[in-house]
Structure formats: structure tokens, C-alpha cells
Amino acid sequence: MAIYPQLIIDALKNVRYPGTGQDIVSAGMVADNIRIDGMKVSFSLITEKVNDPFIKSVVKMAEQAILTYADNDIDIKGNISVQSRQAPRPALPDLLPGVKNIIAVASGKGGVGKSTVCTNLAVALAQKGYKVGLLDADIFGPSVPKMFDVEDQGPTMEHIEGRDMMVPIENYGVKMLSIGFFVNKSDAVVWRGAMASNALKQLIGDAYWGELDYFLIDFPPGTSDIHLTLVQTLPITGAVIVSTPQEVALADARKGISMFTADKVNVPILGLVENMAWFTPAELPENRYYIFGKEGCKRLAEEQGFALLGQIPIVQSIREGGDDGRPVALNADSITGMAFSALADSLVVAVDKRNRELPGTKVVEVTQK
């Protein structure tokens with residue numbers, strides 16, 4: 001039996017794309033490059049996106065359709081290639097070409113105020129004129145949308161540099177993305193580790209972050225697959241460890257430090273932040289009550305040989321700002337505003353020192369706008 005292009009096309013009309021139900025020929029998925037060499041047939045399928053979730057099954061269906069409707073003796077297996085109309089996601093080191101410094105904000109345990117610190121640190125940096133981005137990597141407990149008062153918003157899509165890309169939400173001078181923008185805020189996110197990691201890769205690589213001086217990543221609590229995905233996906237400049245002064249929190253902070261400094265991870269520790277360092281009542285602003293212990297994080301920093309970047313007191317306005325979507329760092333003249341401003345200054349110094357001292361590291365100048 002003679003094999004000719006139209007025979008192959010007619011066979012492929014029996015294959016329907018699962019996403020739309022349309023046959024792949026009418027959908028324009030069969031490229032105009034059918035090659036026939038005796039009984040060997042090869043051609044390409046065209047997808048809209050690089051990571052099409054249905055393409056593997058479509059390739060198998062196309063192979064079977066050719067054997068069924070054209071000729072059972074055709075050599076087709078492994079001869080169907082896949083092309084994409086969109087440009088592929090850039091690989092490292094070009095994944096975030098406009099980002100100068102990537103900062104991991106992490107803790108060994110939940111409940112120490114890591115997200116609050118990360119949110120206010122991002123705002124404090126933006127207040128100083130830096131270009132700042134924030135990725136909420138806490139897939140199972142996203143809080144950034146609420147803290148920035150953007151829960152009812154969602155990222156838009158734009159065709160940029162050959163790809164359809166998400167455009168991050170921006171508020172208070174901070175660009176941000178979170179899985180919280182894509183799920184109902186009342187629903188639990190029940191995903192396996194691989195699914196959560198893939199979602200994060202999309203938030204990083206399929207978004208247009210543009211030029212940033214500082215890209216802060218709010219890591220989830222603990223040490224898990226997500227942490228490994230992030231440190232393996234991005235060239236992280238350094239990590240900031242957040243803890244309260246109490247020994248229970250410090251024990252887990254040590255584990256967080258151990259994870260980042262392990263040989264297979266090797267992310268520099270920029271310093272520690274002592275959150276809830278003391279309680280200061282509004283009516284007695286000069287008084288300090290050490291509810292969770294005194295200077296425990298400071299002692300840990302000295303013990304480990306790291307800088308103490310800042311101490312953040314417990315003040316009612318911090319909680320109110322987080323709940324109302326108005327981070328306290330916006331009020332630079334308040335006690336907490338000054339604390340976060342000082343923390344931002346310490347981070348800038350620590351990043352500059354790291355970039356200048358680490359052997360083989362390209363020094364990136366970040367100037368205040």
C-alpha cells in the first residue's frame with residue numbers, strides 16, 4: 001500500500017484534543033512537515049504552550065490512529081515531535097534576568113511571624129525607593145494577599161517575549177504573586193509535594209517580574225520539598241531566618257539554618273531577625289516586657305556567627321496592619337515602622353557585604369532610587 005501525506009492527515013482527523021474536543025487537524029495542531037520514507041512516517045504536533053498537560057496522550061493517540069486508519073505496518077512510534085507556538089521558559093541563569101538579589105525569608109517553624117516580617121520588610125525596602133518583588137511560597141497557608149489588601153484581585157496575562165505570562169499584582173510599591181490569588185480563600189489547598197512545587201515554578205518562571213533590586217520569597221514553615229525546589233530553581237543570594245526569642249522557636253530556627261548551610265543547598269545566611277522581641281504597650285512606649293524571653297535570637301546569632309539584622313517588638317498595630325491589609329512599615333515614624341526601616345537598612349548592608357565577599361560572585365550595585 002502506498003503511503004502519502006493525505007492518508008496520514010485523514011487518519012489524524014480521528015484524534016481529538018482532550019482540552020477542547022476538537023480534532024487535532026482542524027485545531028491546527030498538525031505541522032506542515034509530514035515526511036514519508038518508505039514505511040517510515042514522521043511529523044510534528046504543535047501546542048499552544050510549552051508544558052501542555054495533554055500532549056503525551058495526544059502523541060500516543062496519533063500513533064495509534066495512524067496504525068489503525070492508515071496502515072498497521074507504518075513505522076511511526078517515536079517519530080512524532082512536539083513544537084510550541086510559545087517560547088520555552090528560560091533556564092538558569094536567565095530565569096529572572098532582571099532580578100538583582102533573591103532573598104529567602106524563612107523560619108524553622110510556624111507561628112513566629114515570618115510572613116509579617118517578610119511583608120513589612122518588602123514594604124520598608126519599597127519605601128526607600130528600591131524595586132521590590134515578593135513571592136508567597138507558602139502554598140498551603142498563603143497570607144500575602146490579605147496582608148496587602150488585594151484578596152479580591154487576580155494577576156492578568158500578557159503576551160511578553162514570545163510567551164503568555166502572568167503580571168504580578170502590585171500594591172504599596174511591591175510586586176507580588178501568591179497561590180492565594182488562584183484559589184478560594186476559604187478552601188484548603190490539598191496538594192501533593194510535586195504539584196505544589198510545580199505551581200511555584202510557574203509563579204516564578206511564567207510571570208513577568210521585570211527589573212527588581214530585591215526579590216523576597218516568603219518560605220513556608222519547616223524544611224520540605226518546596227524548600228528544595230526553590231533553592232534548586234533559583235540562585236538565592238542569601239537567607240534571612242526569623243525566630244522569636246523563646247527556646248522552642250530557636251530549636252527549629254537552628255534546623256532552618258542547618259538546611260540552608262548544608263552542602264547540597266549551600267545558601268548563605270544573611271542574618272537573623274528576632275520577632276516579638278518584647279512587648280511595648282501603646283500607653284507606655286518606653287517600657288519593654290520580655291514575654292517570650294530576652295534576646296534569645298541575639299544569642300543564637302552570636303553562637304552561629306551570624307548578624308542580628310533586627311529586633312521587632314510586639315505592638316498591637318502590627319496585628320491590626322496585617323488584618324487590615326495596611327502593613328505597619330507604611331508608617332515610617334511609628335515604633336514598628338522604624339524597626340522595619342532599620343531591618344531593611346541592615347538587609348541592604350548584609351546583601352552588599354555578601355556580594356562583595358563571596359568568591360566568584362559578580363558584584364551587583366543596587367542604588368537607592
# chains A, B, ... in the order shown; residues from 1 in each chain; ligands from 1
>>> closest_atom_pairs(of="stretch 140-188 of chain A", to="stretch 113-134 of chain A", cutoff="8 Å", atoms="only C-alpha atoms", output="CSV")
residue,atom,partner,partner_atom,distance
A:Ser143,CA,A:Ser115,CA,7.3
A:Val144,CA,A:Thr119,CA,7.1
A:Met147,CA,A:Thr119,CA,7.4
A:Tyr172,CA,A:Val123,CA,6.6
A:Gly173,CA,A:Ala126,CA,5.6
A:Val174,CA,A:Val132,CA,5.2
A:Lys175,CA,A:Gly133,CA,4.5
A:Met176,CA,A:Leu134,CA,4.7
A:Leu177,CA,A:Leu134,CA,6.7
>>> write_last_selection(atoms="N, CA and C atoms", output="PDB file, in the first residue's frame")
ATOM      1  N   SER A 143      -0.784  34.027  52.863  1.00  0.00           N
ATOM      2  CA  SER A 143      -1.310  35.147  53.632  1.00  0.00           C
ATOM      3  C   SER A 143      -0.999  36.502  53.017  1.00  0.00           C
ATOM      4  N   VAL A 144      -0.123  36.531  52.020  1.00  0.00           N
ATOM      5  CA  VAL A 144       0.283  37.804  51.416  1.00  0.00           C
ATOM      6  C   VAL A 144      -0.894  38.576  50.811  1.00  0.00           C
ATOM      7  N   MET A 147      -2.562  40.452  53.629  1.00  0.00           N
ATOM      8  CA  MET A 147      -1.701  41.443  54.259  1.00  0.00           C
ATOM      9  C   MET A 147      -1.479  42.666  53.375  1.00  0.00           C
ATOM     10  N   TYR A 172       1.493  49.116  47.337  1.00  0.00           N
ATOM     11  CA  TYR A 172       2.485  49.723  48.226  1.00  0.00           C
ATOM     12  C   TYR A 172       3.901  49.658  47.639  1.00  0.00           C
ATOM     13  N   GLY A 173       3.978  49.637  46.303  1.00  0.00           N
ATOM     14  CA  GLY A 173       5.283  49.604  45.648  1.00  0.00           C
ATOM     15  C   GLY A 173       5.908  48.228  45.568  1.00  0.00           C
ATOM     16  N   VAL A 174       5.157  47.174  45.904  1.00  0.00           N
ATOM     17  CA  VAL A 174       5.678  45.804  45.905  1.00  0.00           C
ATOM     18  C   VAL A 174       4.909  44.957  44.889  1.00  0.00           C
ATOM     19  N   LYS A 175       5.630  44.306  43.976  1.00  0.00           N
ATOM     20  CA  LYS A 175       5.023  43.346  43.068  1.00  0.00           C
ATOM     21  C   LYS A 175       4.909  42.004  43.784  1.00  0.00           C
ATOM     22  N   MET A 176       3.772  41.324  43.650  1.00  0.00           N
ATOM     23  CA  MET A 176       3.615  40.075  44.406  1.00  0.00           C
ATOM     24  C   MET A 176       2.802  39.042  43.648  1.00  0.00           C
ATOM     25  N   LEU A 177       3.099  37.778  43.934  1.00  0.00           N
ATOM     26  CA  LEU A 177       2.289  36.663  43.467  1.00  0.00           C
ATOM     27  C   LEU A 177       2.134  35.661  44.597  1.00  0.00           C
TER      28      LEU A 177
END
>>> closest_residue(among="A:Ala339, A:Ser84, A:Lys201, A:Ile257", to="A:Gly162", atoms="only C-alpha atoms")
A:Ser84
>>> atom_distance(atom1="atom CA of A:Gly337", atom2="atom CA of A:Arg319")
13.1 Å
>>> residues_around(residues="A:Val59", least_positions_apart="3", cutoff="12 Å", atoms="only C-alpha atoms", output="VMD selection string")
chain A and resid 12 15 to 18 24 29 to 30 42 to 47 52 to 56 62 to 66 76 to 83
>>> write_last_selection(atoms="C-alpha atoms", output="PDB file, in the first residue's frame")
ATOM      1  CA  LEU A  12      -5.207  12.107  12.362  1.00  0.00           C
ATOM      2  CA  VAL A  15      -7.724  12.169  17.180  1.00  0.00           C
ATOM      3  CA  ARG A  16      -9.419  14.705  19.408  1.00  0.00           C
ATOM      4  CA  TYR A  17      -7.581  17.086  21.719  1.00  0.00           C
ATOM      5  CA  PRO A  18      -8.818  16.428  25.299  1.00  0.00           C
ATOM      6  CA  ILE A  24      -6.122  17.881  16.006  1.00  0.00           C
ATOM      7  CA  MET A  29      -2.018  21.030  15.687  1.00  0.00           C
ATOM      8  CA  VAL A  30      -0.517  19.023  12.786  1.00  0.00           C
ATOM      9  CA  SER A  42       7.463  11.498  10.782  1.00  0.00           C
ATOM     10  CA  PHE A  43       5.898  14.891  11.523  1.00  0.00           C
ATOM     11  CA  SER A  44       5.371  17.421  14.327  1.00  0.00           C
ATOM     12  CA  LEU A  45       2.462  18.324  16.564  1.00  0.00           C
ATOM     13  CA  ILE A  46       2.092  21.971  17.563  1.00  0.00           C
ATOM     14  CA  THR A  47       0.927  23.019  21.033  1.00  0.00           C
ATOM     15  CA  ASP A  52       0.864  21.128  27.544  1.00  0.00           C
ATOM     16  CA  PRO A  53      -0.612  18.629  30.056  1.00  0.00           C
ATOM     17  CA  PHE A  54      -2.329  16.585  27.310  1.00  0.00           C
ATOM     18  CA  ILE A  55       0.411  16.368  24.703  1.00  0.00           C
ATOM     19  CA  LYS A  56       1.865  12.995  25.737  1.00  0.00           C
ATOM     20  CA  ALA A  62      -1.885   9.977  16.988  1.00  0.00           C
ATOM     21  CA  GLU A  63       0.427   6.960  16.696  1.00  0.00           C
ATOM     22  CA  GLN A  64      -2.457   4.575  17.241  1.00  0.00           C
ATOM     23  CA  ALA A  65      -4.721   6.427  14.787  1.00  0.00           C
ATOM     24  CA  ILE A  66      -2.119   6.140  12.008  1.00  0.00           C
ATOM     25  CA  ILE A  76       5.584   5.830  13.418  1.00  0.00           C
ATOM     26  CA  LYS A  77       6.457   5.128  17.058  1.00  0.00           C
ATOM     27  CA  GLY A  78       8.895   7.754  18.353  1.00  0.00           C
ATOM     28  CA  ASN A  79       8.732   9.747  15.109  1.00  0.00           C
ATOM     29  CA  ILE A  80       6.254  12.419  16.240  1.00  0.00           C
ATOM     30  CA  SER A  81       7.995  15.503  17.618  1.00  0.00           C
ATOM     31  CA  VAL A  82       6.362  18.352  19.538  1.00  0.00           C
ATOM     32  CA  GLN A  83       6.694  22.066  18.854  1.00  0.00           C
TER      33      GLN A  83
END
>>> residues_around(residues="A:Ala253", least_positions_apart="5", cutoff="7 Å", atoms="only C-alpha atoms", output="MDAnalysis selection string")
chainID A and resid 107:108 241 243
>>> closest_residue(among="A:Gly205, A:Asp10, A:Glu247, A:Phe340", to="A:Asp23", atoms="only C-alpha atoms")
A:Asp10
>>> atom_distance(atom1="atom CA of A:Pro281", atom2="atom CA of A:Val315")
6.9 Å
